[in-house]
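Everything below belongs to model_10.cif, which stores mmCIF, C-alpha atoms.
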```
data_work
#
loop_
_atom_site.label_atom_id
_atom_site.label_comp_id
_atom_site.auth_asym_id
_atom_site.auth_seq_id
_atom_site.Cartn_x
_atom_site.Cartn_y
_atom_site.Cartn_z
CA MET A 170 121.36 15.83 -45.07
CA TRP A 171 120.28 12.16 -44.77
CA PRO A 172 121.86 11.70 -41.32
CA HIS A 173 119.95 14.74 -40.07
CA ILE A 174 116.64 13.34 -41.38
CA ALA A 175 117.33 9.92 -39.80
CA ARG A 176 118.07 11.44 -36.42
CA SER A 177 114.86 13.50 -36.57
CA THR A 178 112.78 10.48 -37.56
CA PHE A 179 114.25 8.37 -34.71
CA ALA A 180 113.49 11.08 -32.15
CA VAL A 181 109.87 11.31 -33.31
CA ALA A 182 109.49 7.52 -33.15
CA VAL A 183 110.85 7.38 -29.60
CA ALA A 184 108.50 10.15 -28.51
CA LEU A 185 105.51 8.36 -30.04
CA GLY A 186 106.54 5.11 -28.37
CA VAL A 187 106.76 6.67 -24.93
CA ALA A 188 103.34 8.26 -25.37
CA ALA A 189 101.87 4.95 -26.51
CA CYS A 190 103.20 3.12 -23.42
CA GLY A 191 101.60 5.67 -21.12
CA SER A 192 98.22 5.36 -22.84
CA GLY A 193 98.13 1.55 -22.69
CA VAL A 194 98.35 0.91 -26.41
CA PHE A 195 101.14 -1.57 -25.81
CA GLY A 196 99.32 -3.89 -23.39
CA SER A 197 100.04 -7.32 -21.96
CA PRO A 198 101.15 -10.22 -24.17
CA THR A 199 97.58 -11.48 -24.22
CA GLY A 200 96.25 -8.25 -25.52
CA ARG A 201 94.25 -7.43 -22.32
CA THR A 202 94.91 -4.49 -20.08
CA THR A 203 95.66 -5.51 -16.46
CA THR A 204 94.70 -3.24 -13.56
CA ASP A 205 96.04 -4.03 -10.07
CA SER A 206 92.83 -3.32 -8.19
CA ALA A 207 91.89 -4.77 -4.72
CA THR A 208 89.14 -7.40 -4.56
CA THR A 209 87.45 -8.71 -1.41
CA THR A 210 85.60 -12.03 -1.02
CA THR A 211 83.40 -12.72 1.99
CA ARG A 212 82.14 -16.20 3.01
CA THR A 213 79.84 -16.48 5.99
CA THR A 214 79.57 -19.78 7.82
CA GLY A 215 76.94 -19.92 10.51
CA SER A 216 77.30 -17.19 13.12
CA GLY A 217 80.37 -15.00 12.95
CA GLY A 218 81.54 -16.62 9.77
CA GLU A 219 84.81 -16.31 7.91
CA THR A 220 85.67 -13.04 6.20
CA GLY A 221 88.67 -13.11 3.93
CA GLY A 222 90.27 -10.52 1.66
CA THR A 223 92.58 -10.67 -1.35
CA THR A 224 94.56 -7.59 -2.30
CA GLY A 225 96.62 -7.99 -5.42
CA GLY A 226 97.18 -11.68 -4.74
CA GLU A 227 95.91 -14.74 -2.91
CA THR A 228 96.30 -13.64 0.70
CA THR A 229 93.29 -14.54 2.84
CA GLY A 230 92.43 -13.49 6.36
CA THR A 231 89.90 -14.72 8.92
CA THR A 232 87.66 -12.40 10.90
CA GLY A 233 85.07 -13.70 13.34
CA GLY A 234 86.32 -17.27 13.39
CA GLU A 235 84.47 -20.47 12.72
CA THR A 236 81.73 -20.10 15.36
CA GLY A 237 79.02 -21.28 13.05
CA GLY A 238 77.66 -24.47 11.61
CA GLU A 239 74.55 -26.41 12.48
CA THR A 240 73.26 -26.35 16.02
CA ALA A 241 71.22 -29.35 17.11
CA THR A 242 68.28 -28.32 19.27
CA GLY A 243 65.98 -30.69 21.19
CA THR A 244 63.04 -30.50 23.54
CA ARG A 245 63.23 -31.81 27.08
CA TYR A 246 59.83 -32.62 28.57
CA GLY A 247 59.79 -31.86 32.28
CA TRP A 248 57.17 -32.44 34.94
CA PHE A 249 54.04 -30.34 34.65
CA LEU A 250 50.36 -30.80 35.51
CA PRO A 251 47.59 -28.43 34.40
CA GLU A 252 45.35 -27.22 37.21
CA GLY A 253 42.44 -29.44 36.25
CA PRO A 254 38.97 -29.43 37.81
CA SER A 255 38.43 -27.51 41.05
CA SER A 256 35.88 -29.89 42.55
CA ILE A 257 37.08 -32.57 44.96
CA ALA A 258 35.15 -35.82 45.30
CA THR A 259 37.76 -38.58 45.46
CA ASN A 260 41.23 -39.22 46.84
CA GLU A 261 42.47 -39.00 43.27
CA ASP A 262 41.14 -35.42 43.14
CA ILE A 263 42.93 -34.51 46.37
CA VAL A 264 46.32 -35.86 45.27
CA TYR A 265 45.91 -34.15 41.92
CA GLN A 266 45.20 -30.80 43.52
CA ARG A 267 48.20 -31.14 45.83
CA LEU A 268 50.38 -31.62 42.76
CA ALA A 269 48.75 -29.35 40.19
CA ARG A 270 47.31 -26.42 42.12
CA ASP A 271 49.40 -26.38 45.31
CA ARG A 272 52.63 -27.66 43.72
CA ASN A 273 53.22 -29.43 47.01
CA CYS A 274 54.83 -32.78 46.33
CA GLN A 275 55.44 -33.60 49.99
CA ALA A 276 51.84 -32.92 51.00
CA ALA A 277 50.65 -35.26 48.25
CA GLN A 278 53.03 -37.98 49.45
CA GLU A 279 51.99 -37.64 53.09
CA PHE A 280 48.31 -37.78 52.18
CA LEU A 281 48.82 -40.94 50.15
CA ASP A 282 50.92 -42.61 52.83
CA ARG A 283 48.46 -41.86 55.64
CA GLY A 284 46.10 -44.36 54.10
CA ALA A 285 44.54 -42.43 51.23
CA TRP A 286 45.82 -45.09 48.84
CA LYS A 287 43.20 -47.47 50.23
CA GLY A 288 40.45 -45.04 49.25
CA MET A 289 41.47 -44.71 45.63
CA LEU A 290 38.95 -46.17 43.22
CA SER A 291 41.49 -48.41 41.49
CA PRO A 292 44.71 -50.03 42.69
CA ARG A 293 46.30 -48.94 39.41
CA ASN A 294 45.71 -45.33 40.38
CA VAL A 295 47.84 -45.81 43.48
CA LEU A 296 50.80 -46.58 41.23
CA LEU A 297 49.94 -43.86 38.72
CA TYR A 298 49.73 -41.12 41.34
CA GLN A 299 52.79 -42.39 43.17
CA ALA A 300 54.73 -42.10 39.92
CA ALA A 301 53.40 -38.55 39.55
CA ILE A 302 54.56 -37.66 43.07
CA ASP A 303 57.99 -39.13 42.37
CA LEU A 304 58.35 -37.03 39.23
CA CYS A 305 57.18 -33.97 41.14
CA MET A 306 60.03 -34.66 43.58
CA GLY A 307 62.50 -35.16 40.76
CA ASP A 308 62.96 -38.92 41.24
CA GLU A 309 62.54 -40.21 37.70
CA SER A 310 63.99 -43.66 38.36
CA GLN A 311 61.52 -44.31 41.18
CA ALA A 312 58.66 -42.99 39.06
CA ARG A 313 59.65 -45.38 36.28
CA ALA A 314 59.66 -48.28 38.75
CA MET A 315 56.20 -47.38 40.07
CA TYR A 316 54.72 -46.97 36.61
CA GLY A 317 56.30 -50.25 35.55
CA ARG A 318 54.33 -52.06 38.23
CA ILE A 319 51.13 -51.35 36.30
CA ALA A 320 52.30 -53.63 33.50
CA ARG A 321 53.64 -56.07 36.06
CA HIS A 322 50.13 -56.45 37.50
CA ARG A 323 48.72 -56.56 33.96
CA TRP A 324 46.37 -53.71 34.73
CA ASN A 325 44.76 -51.84 31.86
CA LEU A 326 44.99 -48.11 31.19
CA GLU A 327 41.30 -47.42 30.83
CA PHE A 328 39.80 -44.52 32.73
CA GLY A 329 36.42 -44.29 34.43
CA SER A 330 34.76 -41.72 36.70
CA THR A 331 38.04 -40.14 37.77
CA GLU A 332 39.15 -39.66 34.17
CA PRO A 333 39.24 -35.80 34.43
CA VAL A 334 42.27 -36.08 36.75
CA ASP A 335 43.54 -39.54 35.84
CA CYS A 336 44.00 -38.69 32.16
CA PRO A 337 46.19 -35.58 32.56
CA THR A 338 48.17 -37.37 35.28
CA TYR A 339 48.76 -40.32 32.96
CA GLN A 340 49.77 -38.01 30.10
CA ALA A 341 52.15 -36.00 32.29
CA VAL A 342 53.83 -39.14 33.64
CA ARG A 343 54.23 -40.72 30.21
CA SER A 344 55.51 -37.43 28.76
CA VAL A 345 58.47 -37.35 31.14
CA LEU A 346 59.23 -41.07 31.05
CA ASP A 347 58.97 -41.38 27.25
CA GLN A 348 60.04 -37.80 26.36
CA ARG A 349 57.09 -37.08 24.15
CA ASP A 350 54.42 -34.41 24.01
CA PRO A 351 51.67 -35.08 26.61
CA GLY A 352 48.98 -34.74 23.96
CA SER A 353 50.42 -37.66 22.02
CA PHE A 354 49.12 -40.09 24.65
CA ALA A 355 45.46 -40.91 24.18
CA CYS A 356 43.20 -41.62 27.15
CA THR A 357 40.76 -44.48 26.68
CA LYS A 358 37.51 -44.46 28.61
CA GLY A 359 36.44 -47.78 30.01
CA SER A 360 36.62 -49.85 33.16
CA PRO A 361 39.77 -49.39 35.23
CA PRO A 362 41.02 -52.41 37.21
CA GLU A 363 39.21 -52.99 40.51
CA TRP A 364 40.57 -53.96 43.89
CA PRO A 365 40.84 -57.74 44.17
CA ASP A 366 39.49 -57.56 47.70
CA ARG A 367 37.63 -54.46 48.77
CA GLN A 368 38.02 -55.32 52.44
CA ALA A 369 41.62 -56.48 52.59
CA LYS A 370 43.52 -54.10 50.35
CA ASP A 371 47.16 -54.66 49.53
CA ASP A 372 49.36 -51.67 48.73
CA PRO A 373 50.53 -52.24 45.12
CA ARG A 374 53.56 -50.02 45.70
CA THR A 375 55.29 -52.65 47.84
CA ASP A 376 56.22 -56.30 47.48
CA SER A 377 54.92 -57.18 50.94
CA ASN A 378 51.32 -58.07 51.67
CA GLU A 379 49.70 -55.32 53.71
CA ALA A 380 46.45 -57.20 54.06
CA THR A 381 46.14 -60.64 55.70
CA THR A 382 43.07 -62.66 56.48
CA THR A 383 43.00 -64.91 59.53
CA THR A 384 40.40 -67.37 60.75
CA THR A 385 39.65 -67.62 64.47
CA THR A 386 37.61 -70.40 66.02
CA VAL A 387 35.71 -69.44 69.16
CA THR A 388 34.15 -72.15 71.28
CA THR A 389 31.49 -71.23 73.79
CA THR A 390 30.38 -73.77 76.39
CA THR A 391 27.12 -73.52 78.30
CA PRO A 392 25.66 -75.93 80.85
CA THR A 393 23.39 -77.45 78.22
CA SER A 394 25.36 -77.19 74.97
CA THR A 395 28.61 -76.33 73.31
CA THR A 396 28.59 -73.87 70.42
CA THR A 397 31.45 -73.44 68.06
CA ARG A 398 31.60 -70.29 65.98
CA THR A 399 34.11 -69.41 63.30
CA ARG A 400 35.00 -65.77 62.86
CA THR A 401 37.04 -64.42 60.00
CA ALA A 402 39.04 -61.36 60.86
CA THR A 403 40.91 -59.15 58.49
CA THR A 404 44.01 -57.47 59.73
CA THR A 405 45.48 -54.68 57.66
CA THR A 406 48.89 -53.21 58.28
CA SER A 407 50.27 -50.16 56.58
#
```
Exercise: express the given structure as C-alpha coordinates:
Amino acid sequence: MWPHIARSTFAVAVALGVAACGSGVFGSPTGRTTTDSATTTTRTTGSGGETGGTTGGETTGTTGGETGGETATGTRYGWFLPEGPSSIATNEDIVYQRLARDRNCQAAQEFLDRGAWKGMLSPRNVLLYQAAIDLCMGDESQARAMYGRIARHRWNLEFGSTEPVDCPTYQAVRSVLDQRDPGSFACTKGSPPEWPDRQAKDDPRTDSNEATTTTTTVTTTTPTSTTTRTRTATTTTS
(Lines of atoms letter the chains of each structure in order from A and count residues from 1; the text may use other names and numbers.)
(Lines give C-alpha, C1' and ligand atoms only; values in the text may rest on other atoms or scores of the structure.)
Protein backbone atom coordinates (compact mmCIF):
# COMPACT_ATOMS: atom_id res chain seq x y z
CA MET A 1 0.00 0.00 0.00
CA TRP A 2 2.77 2.48 0.90
CA PRO A 3 4.53 2.16 -2.48
CA HIS A 4 1.24 2.96 -4.22
CA ILE A 5 0.73 6.09 -2.09
CA ALA A 6 4.32 7.25 -2.74
CA ARG A 7 3.96 6.87 -6.48
CA SER A 8 0.68 8.84 -6.42
CA THR A 9 2.21 11.62 -4.33
CA PHE A 10 5.24 11.90 -6.66
CA ALA A 11 3.00 12.15 -9.73
CA VAL A 12 0.96 14.94 -8.14
CA ALA A 13 4.13 16.82 -7.19
CA VAL A 14 5.52 16.60 -10.71
CA ALA A 15 2.24 17.85 -12.17
CA LEU A 16 2.19 20.80 -9.76
CA GLY A 17 5.80 21.62 -10.59
CA VAL A 18 5.17 21.70 -14.33
CA ALA A 19 2.16 23.96 -13.83
CA ALA A 20 4.18 26.27 -11.60
CA CYS A 21 6.95 26.63 -14.23
CA GLY A 22 4.43 27.61 -16.87
CA SER A 23 2.86 30.27 -14.64
CA GLY A 24 6.18 31.90 -13.71
CA VAL A 25 6.16 31.01 -10.03
CA PHE A 26 9.69 29.69 -10.34
CA GLY A 27 11.35 32.83 -11.71
CA SER A 28 14.93 33.94 -12.22
CA PRO A 29 17.56 33.54 -9.49
CA THR A 30 17.05 37.17 -8.55
CA GLY A 31 13.39 36.72 -8.02
CA ARG A 32 12.37 38.98 -10.97
CA THR A 33 10.50 37.81 -14.01
CA THR A 34 12.40 38.49 -17.28
CA THR A 35 10.52 39.18 -20.51
CA ASP A 36 12.45 39.22 -23.81
CA SER A 37 10.73 42.25 -25.30
CA ALA A 38 12.22 44.55 -28.04
CA THR A 39 13.32 48.06 -27.04
CA THR A 40 14.29 50.88 -29.40
CA THR A 41 16.43 53.93 -28.57
CA THR A 42 16.60 56.91 -30.90
CA ARG A 43 19.26 59.67 -30.70
CA THR A 44 19.02 62.57 -33.10
CA THR A 45 22.13 64.60 -33.88
CA GLY A 46 21.57 67.66 -35.99
CA SER A 47 19.82 66.94 -39.28
CA GLY A 48 19.25 63.32 -40.20
CA GLY A 49 20.61 62.11 -36.91
CA GLU A 50 21.46 58.63 -35.73
CA THR A 51 18.67 56.13 -35.15
CA GLY A 52 19.66 52.93 -33.43
CA GLY A 53 17.69 49.91 -32.25
CA THR A 54 18.31 47.15 -29.70
CA THR A 55 16.33 43.95 -29.96
CA GLY A 56 17.03 41.49 -27.21
CA GLY A 57 20.63 42.63 -26.91
CA GLU A 58 23.08 45.44 -27.60
CA THR A 59 22.95 45.59 -31.39
CA THR A 60 22.79 49.15 -32.71
CA GLY A 61 22.13 50.40 -36.21
CA THR A 62 22.54 53.78 -37.90
CA THR A 63 19.87 55.34 -40.08
CA GLY A 64 20.30 58.76 -41.65
CA GLY A 65 23.99 59.10 -40.89
CA GLU A 66 25.83 61.83 -39.09
CA THR A 67 24.77 64.77 -41.27
CA GLY A 68 24.16 67.03 -38.34
CA GLY A 69 26.07 69.13 -35.88
CA GLU A 70 26.53 72.86 -35.69
CA THR A 71 26.55 74.89 -38.87
CA ALA A 72 28.47 78.15 -38.76
CA THR A 73 26.65 80.89 -40.65
CA GLY A 74 28.04 84.35 -41.45
CA THR A 75 26.99 87.47 -43.29
CA ARG A 76 28.86 88.74 -46.31
CA TYR A 77 28.32 92.44 -46.98
CA GLY A 78 28.32 93.13 -50.70
CA TRP A 79 28.14 96.36 -52.66
CA PHE A 80 24.85 98.21 -52.49
CA LEU A 81 23.76 101.85 -52.62
CA PRO A 82 20.24 103.06 -51.80
CA GLU A 83 18.69 105.27 -54.46
CA GLY A 84 19.16 108.47 -52.49
CA PRO A 85 17.87 111.93 -53.44
CA SER A 86 16.55 112.48 -56.97
CA SER A 87 17.76 116.06 -57.34
CA ILE A 88 21.09 116.69 -59.06
CA ALA A 89 23.13 119.76 -58.19
CA THR A 90 26.74 118.61 -57.97
CA ASN A 91 29.11 116.16 -59.63
CA GLU A 92 28.82 114.06 -56.49
CA ASP A 93 25.07 113.78 -57.17
CA ILE A 94 25.67 112.67 -60.76
CA VAL A 95 28.16 109.94 -59.86
CA TYR A 96 25.87 108.76 -57.09
CA GLN A 97 22.92 108.46 -59.43
CA ARG A 98 24.99 106.55 -61.98
CA LEU A 99 25.82 104.03 -59.27
CA ALA A 100 22.63 103.90 -57.22
CA ARG A 101 19.78 104.50 -59.64
CA ASP A 102 21.27 103.47 -63.00
CA ARG A 103 23.55 100.72 -61.62
CA ASN A 104 25.96 101.76 -64.35
CA CYS A 105 29.49 101.50 -63.02
CA GLN A 106 31.15 102.23 -66.35
CA ALA A 107 29.13 105.39 -66.94
CA ALA A 108 30.14 106.66 -63.51
CA GLN A 109 33.80 105.95 -64.25
CA GLU A 110 33.71 107.67 -67.64
CA PHE A 111 32.02 110.73 -66.18
CA LEU A 112 34.63 111.02 -63.45
CA ASP A 113 37.53 110.52 -65.85
CA ARG A 114 36.29 113.11 -68.35
CA GLY A 115 37.13 115.79 -65.83
CA ALA A 116 34.21 115.65 -63.41
CA TRP A 117 36.68 114.97 -60.60
CA LYS A 118 37.83 118.58 -60.86
CA GLY A 119 34.30 119.78 -60.18
CA MET A 120 33.80 117.82 -56.99
CA LEU A 121 33.51 119.99 -53.92
CA SER A 122 36.28 118.20 -52.04
CA PRO A 123 39.37 116.32 -53.22
CA ARG A 124 38.52 113.65 -50.66
CA ASN A 125 35.28 112.98 -52.49
CA VAL A 126 37.22 112.09 -55.63
CA LEU A 127 38.81 109.21 -53.73
CA LEU A 128 35.58 108.24 -51.97
CA TYR A 129 33.57 108.01 -55.18
CA GLN A 130 36.39 106.29 -57.04
CA ALA A 131 36.41 103.63 -54.33
CA ALA A 132 32.64 103.30 -54.76
CA ILE A 133 33.03 102.83 -58.52
CA ASP A 134 35.73 100.22 -57.97
CA LEU A 135 33.47 98.24 -55.63
CA CYS A 136 30.63 98.56 -58.12
CA MET A 137 32.96 96.95 -60.68
CA GLY A 138 33.99 94.25 -58.24
CA ASP A 139 37.57 95.46 -57.73
CA GLU A 140 37.86 95.43 -53.94
CA SER A 141 41.64 95.70 -53.83
CA GLN A 142 41.63 98.86 -55.95
CA ALA A 143 38.80 100.30 -53.86
CA ARG A 144 40.82 99.67 -50.72
CA ALA A 145 43.81 101.45 -52.26
CA MET A 146 41.71 104.48 -53.23
CA TYR A 147 40.06 104.72 -49.84
CA GLY A 148 43.44 104.36 -48.15
CA ARG A 149 44.63 107.51 -49.90
CA ILE A 150 42.22 109.54 -47.78
CA ALA A 151 44.23 108.70 -44.67
CA ARG A 152 47.44 109.15 -46.62
CA HIS A 153 46.46 112.76 -47.35
CA ARG A 154 45.27 113.13 -43.74
CA TRP A 155 41.86 114.27 -44.91
CA ASN A 156 38.98 114.20 -42.46
CA LEU A 157 35.70 112.34 -42.90
CA GLU A 158 33.37 115.23 -42.18
CA PHE A 159 30.51 115.88 -44.56
CA GLY A 160 29.11 119.21 -45.72
CA SER A 161 26.53 120.23 -48.33
CA THR A 162 26.82 116.99 -50.29
CA GLU A 163 26.23 114.90 -47.17
CA PRO A 164 22.95 113.35 -48.51
CA VAL A 165 24.98 111.40 -51.09
CA ASP A 166 28.40 111.42 -49.46
CA CYS A 167 27.19 109.72 -46.28
CA PRO A 168 25.53 106.66 -47.86
CA THR A 169 28.48 106.33 -50.24
CA TYR A 170 30.90 106.38 -47.32
CA GLN A 171 28.80 103.84 -45.39
CA ALA A 172 28.52 101.51 -48.39
CA VAL A 173 32.27 101.62 -49.06
CA ARG A 174 33.19 101.02 -45.43
CA SER A 175 30.62 98.21 -45.16
CA VAL A 176 32.32 96.18 -47.89
CA LEU A 177 35.90 96.97 -46.89
CA ASP A 178 35.35 96.34 -43.16
CA GLN A 179 32.54 93.74 -43.48
CA ARG A 180 30.17 95.49 -41.13
CA ASP A 181 26.62 96.74 -41.33
CA PRO A 182 26.45 100.10 -43.19
CA GLY A 183 24.46 101.65 -40.36
CA SER A 184 27.30 101.03 -37.93
CA PHE A 185 29.33 103.83 -39.55
CA ALA A 186 28.32 107.26 -38.32
CA CYS A 187 28.47 110.30 -40.59
CA THR A 188 29.79 113.46 -38.98
CA LYS A 189 28.67 116.81 -40.31
CA GLY A 190 31.35 119.44 -40.56
CA SER A 191 33.82 120.92 -43.00
CA PRO A 192 35.22 118.49 -45.58
CA PRO A 193 38.78 119.11 -46.80
CA GLU A 194 39.09 121.78 -49.49
CA TRP A 195 41.16 121.84 -52.64
CA PRO A 196 44.65 123.17 -51.89
CA ASP A 197 44.53 125.20 -55.08
CA ARG A 198 41.18 125.89 -56.68
CA GLN A 199 42.78 126.83 -59.98
CA ALA A 200 45.45 124.16 -60.34
CA LYS A 201 43.80 120.96 -59.18
CA ASP A 202 45.77 117.77 -58.80
CA ASP A 203 43.99 114.44 -59.20
CA PRO A 204 44.35 112.70 -55.81
CA ARG A 205 43.88 109.30 -57.44
CA THR A 206 47.35 109.37 -58.99
CA ASP A 207 50.89 109.92 -57.78
CA SER A 208 51.71 112.30 -60.62
CA ASN A 209 51.01 116.01 -60.52
CA GLU A 210 48.26 116.87 -62.97
CA ALA A 211 48.51 120.58 -62.28
CA THR A 212 51.68 122.64 -62.83
CA THR A 213 52.21 126.34 -62.54
CA THR A 214 54.71 128.09 -64.80
CA THR A 215 55.92 131.67 -64.87
CA THR A 216 56.48 133.39 -68.22
CA THR A 217 58.29 136.69 -68.61
CA VAL A 218 57.18 138.79 -71.55
CA THR A 219 59.24 141.79 -72.58
CA THR A 220 57.70 144.42 -74.81
CA THR A 221 59.90 147.08 -76.40
CA THR A 222 58.57 150.34 -77.78
CA PRO A 223 60.49 153.24 -79.30
CA THR A 224 60.32 155.16 -76.05
CA SER A 225 60.38 152.49 -73.33
CA THR A 226 60.78 148.86 -72.49
CA THR A 227 58.09 147.15 -70.44
CA THR A 228 58.56 143.85 -68.75
CA ARG A 229 55.49 141.93 -67.68
CA THR A 230 55.35 138.67 -65.76
CA ARG A 231 52.49 136.33 -66.50
CA THR A 232 51.70 133.27 -64.46
CA ALA A 233 50.07 130.51 -66.44
CA THR A 234 48.54 127.37 -65.09
CA THR A 235 48.69 124.29 -67.21
CA THR A 236 46.53 121.36 -66.24
CA THR A 237 46.89 117.93 -67.77
CA SER A 238 44.53 115.06 -67.20
With the file shown as input, list the residues that the PyMOL selection byres ((chain A and resi 358) around 12) selects, as a ChimeraX atom specification.
/A:325-333,335-336,355-357,359-361
I'd like to see the residues matched by the PyMOL selection byres ((chain A and resi 311-319) around 12) on this file, and ideally I'd get them as a short mmCIF file (atom, residue, chain, number, x, y, z; two decimals) with C-alpha atoms, keeping the file's coordinate frame.
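Below you can see out.cif, which holds the result:
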```cif
data_model
loop_
_atom_site.label_atom_id
_atom_site.label_comp_id
_atom_site.auth_asym_id
_atom_site.auth_seq_id
_atom_site.Cartn_x
_atom_site.Cartn_y
_atom_site.Cartn_z
CA TRP A 248 57.17 -32.44 34.94
CA SER A 291 41.49 -48.41 41.49
CA PRO A 292 44.71 -50.03 42.69
CA ARG A 293 46.30 -48.94 39.41
CA ASN A 294 45.71 -45.33 40.38
CA VAL A 295 47.84 -45.81 43.48
CA LEU A 296 50.80 -46.58 41.23
CA LEU A 297 49.94 -43.86 38.72
CA TYR A 298 49.73 -41.12 41.34
CA GLN A 299 52.79 -42.39 43.17
CA ALA A 300 54.73 -42.10 39.92
CA ALA A 301 53.40 -38.55 39.55
CA ILE A 302 54.56 -37.66 43.07
CA ASP A 303 57.99 -39.13 42.37
CA LEU A 304 58.35 -37.03 39.23
CA CYS A 305 57.18 -33.97 41.14
CA MET A 306 60.03 -34.66 43.58
CA GLY A 307 62.50 -35.16 40.76
CA ASP A 308 62.96 -38.92 41.24
CA GLU A 309 62.54 -40.21 37.70
CA SER A 310 63.99 -43.66 38.36
CA ALA A 320 52.30 -53.63 33.50
CA ARG A 321 53.64 -56.07 36.06
CA HIS A 322 50.13 -56.45 37.50
CA ARG A 323 48.72 -56.56 33.96
CA TRP A 324 46.37 -53.71 34.73
CA ASN A 325 44.76 -51.84 31.86
CA LEU A 326 44.99 -48.11 31.19
CA GLU A 327 41.30 -47.42 30.83
CA THR A 338 48.17 -37.37 35.28
CA TYR A 339 48.76 -40.32 32.96
CA ALA A 341 52.15 -36.00 32.29
CA VAL A 342 53.83 -39.14 33.64
CA ARG A 343 54.23 -40.72 30.21
CA SER A 344 55.51 -37.43 28.76
CA VAL A 345 58.47 -37.35 31.14
CA LEU A 346 59.23 -41.07 31.05
CA ASP A 347 58.97 -41.38 27.25
CA PRO A 361 39.77 -49.39 35.23
CA PRO A 362 41.02 -52.41 37.21
CA ASP A 372 49.36 -51.67 48.73
CA PRO A 373 50.53 -52.24 45.12
CA ARG A 374 53.56 -50.02 45.70
CA THR A 375 55.29 -52.65 47.84
CA ASP A 376 56.22 -56.30 47.48
#
```
For each of A:Val334, A:Gln348, A:Thr244, A:Ala369, take the minimum atom-to-atom distance to Ser256 (chain A), counting all atoms listed in the file, then give the residue where this is smallest.
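Between A:Val334, A:Gln348, A:Thr244, A:Ala369, the residue approaching Ser256 (chain A) most closely is A:Val334.
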Assuming the chain letters and numbering stay as they are in my file, what does the PyMOL selection byres ((chain A and resi 277-289) around 6) actually select? List them as a ChimeraX atom specification.
/A:260,264,267,274-276,290-291,295
So how far away is CA of Ala269 (chain A) from CA of Glu252 (chain A), in Å?
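Atom-to-atom, CA of Glu252 (chain A) to CA of Ala269 (chain A), that is 5.0 Å.
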Take CA of Asp350 (chain A) and CA of Tyr246 (chain A) and report the distance between them in Å, one decimal.
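So the answer is 7.3 Å.
If all atoms listed in the file are the atoms counted, then among A:Asn378, A:Pro337, A:Trp364, A:Ile263 the closest residue to Pro351 (chain A) is A:Pro337.
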Point-to-point distance from CA of Gly243 (chain A) to CA of Asn273 (chain A), Å rounded to tenths
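Computing the Euclidean distance for CA of Gly243 (chain A) and CA of Asn273 (chain A) yields 28.8 Å.
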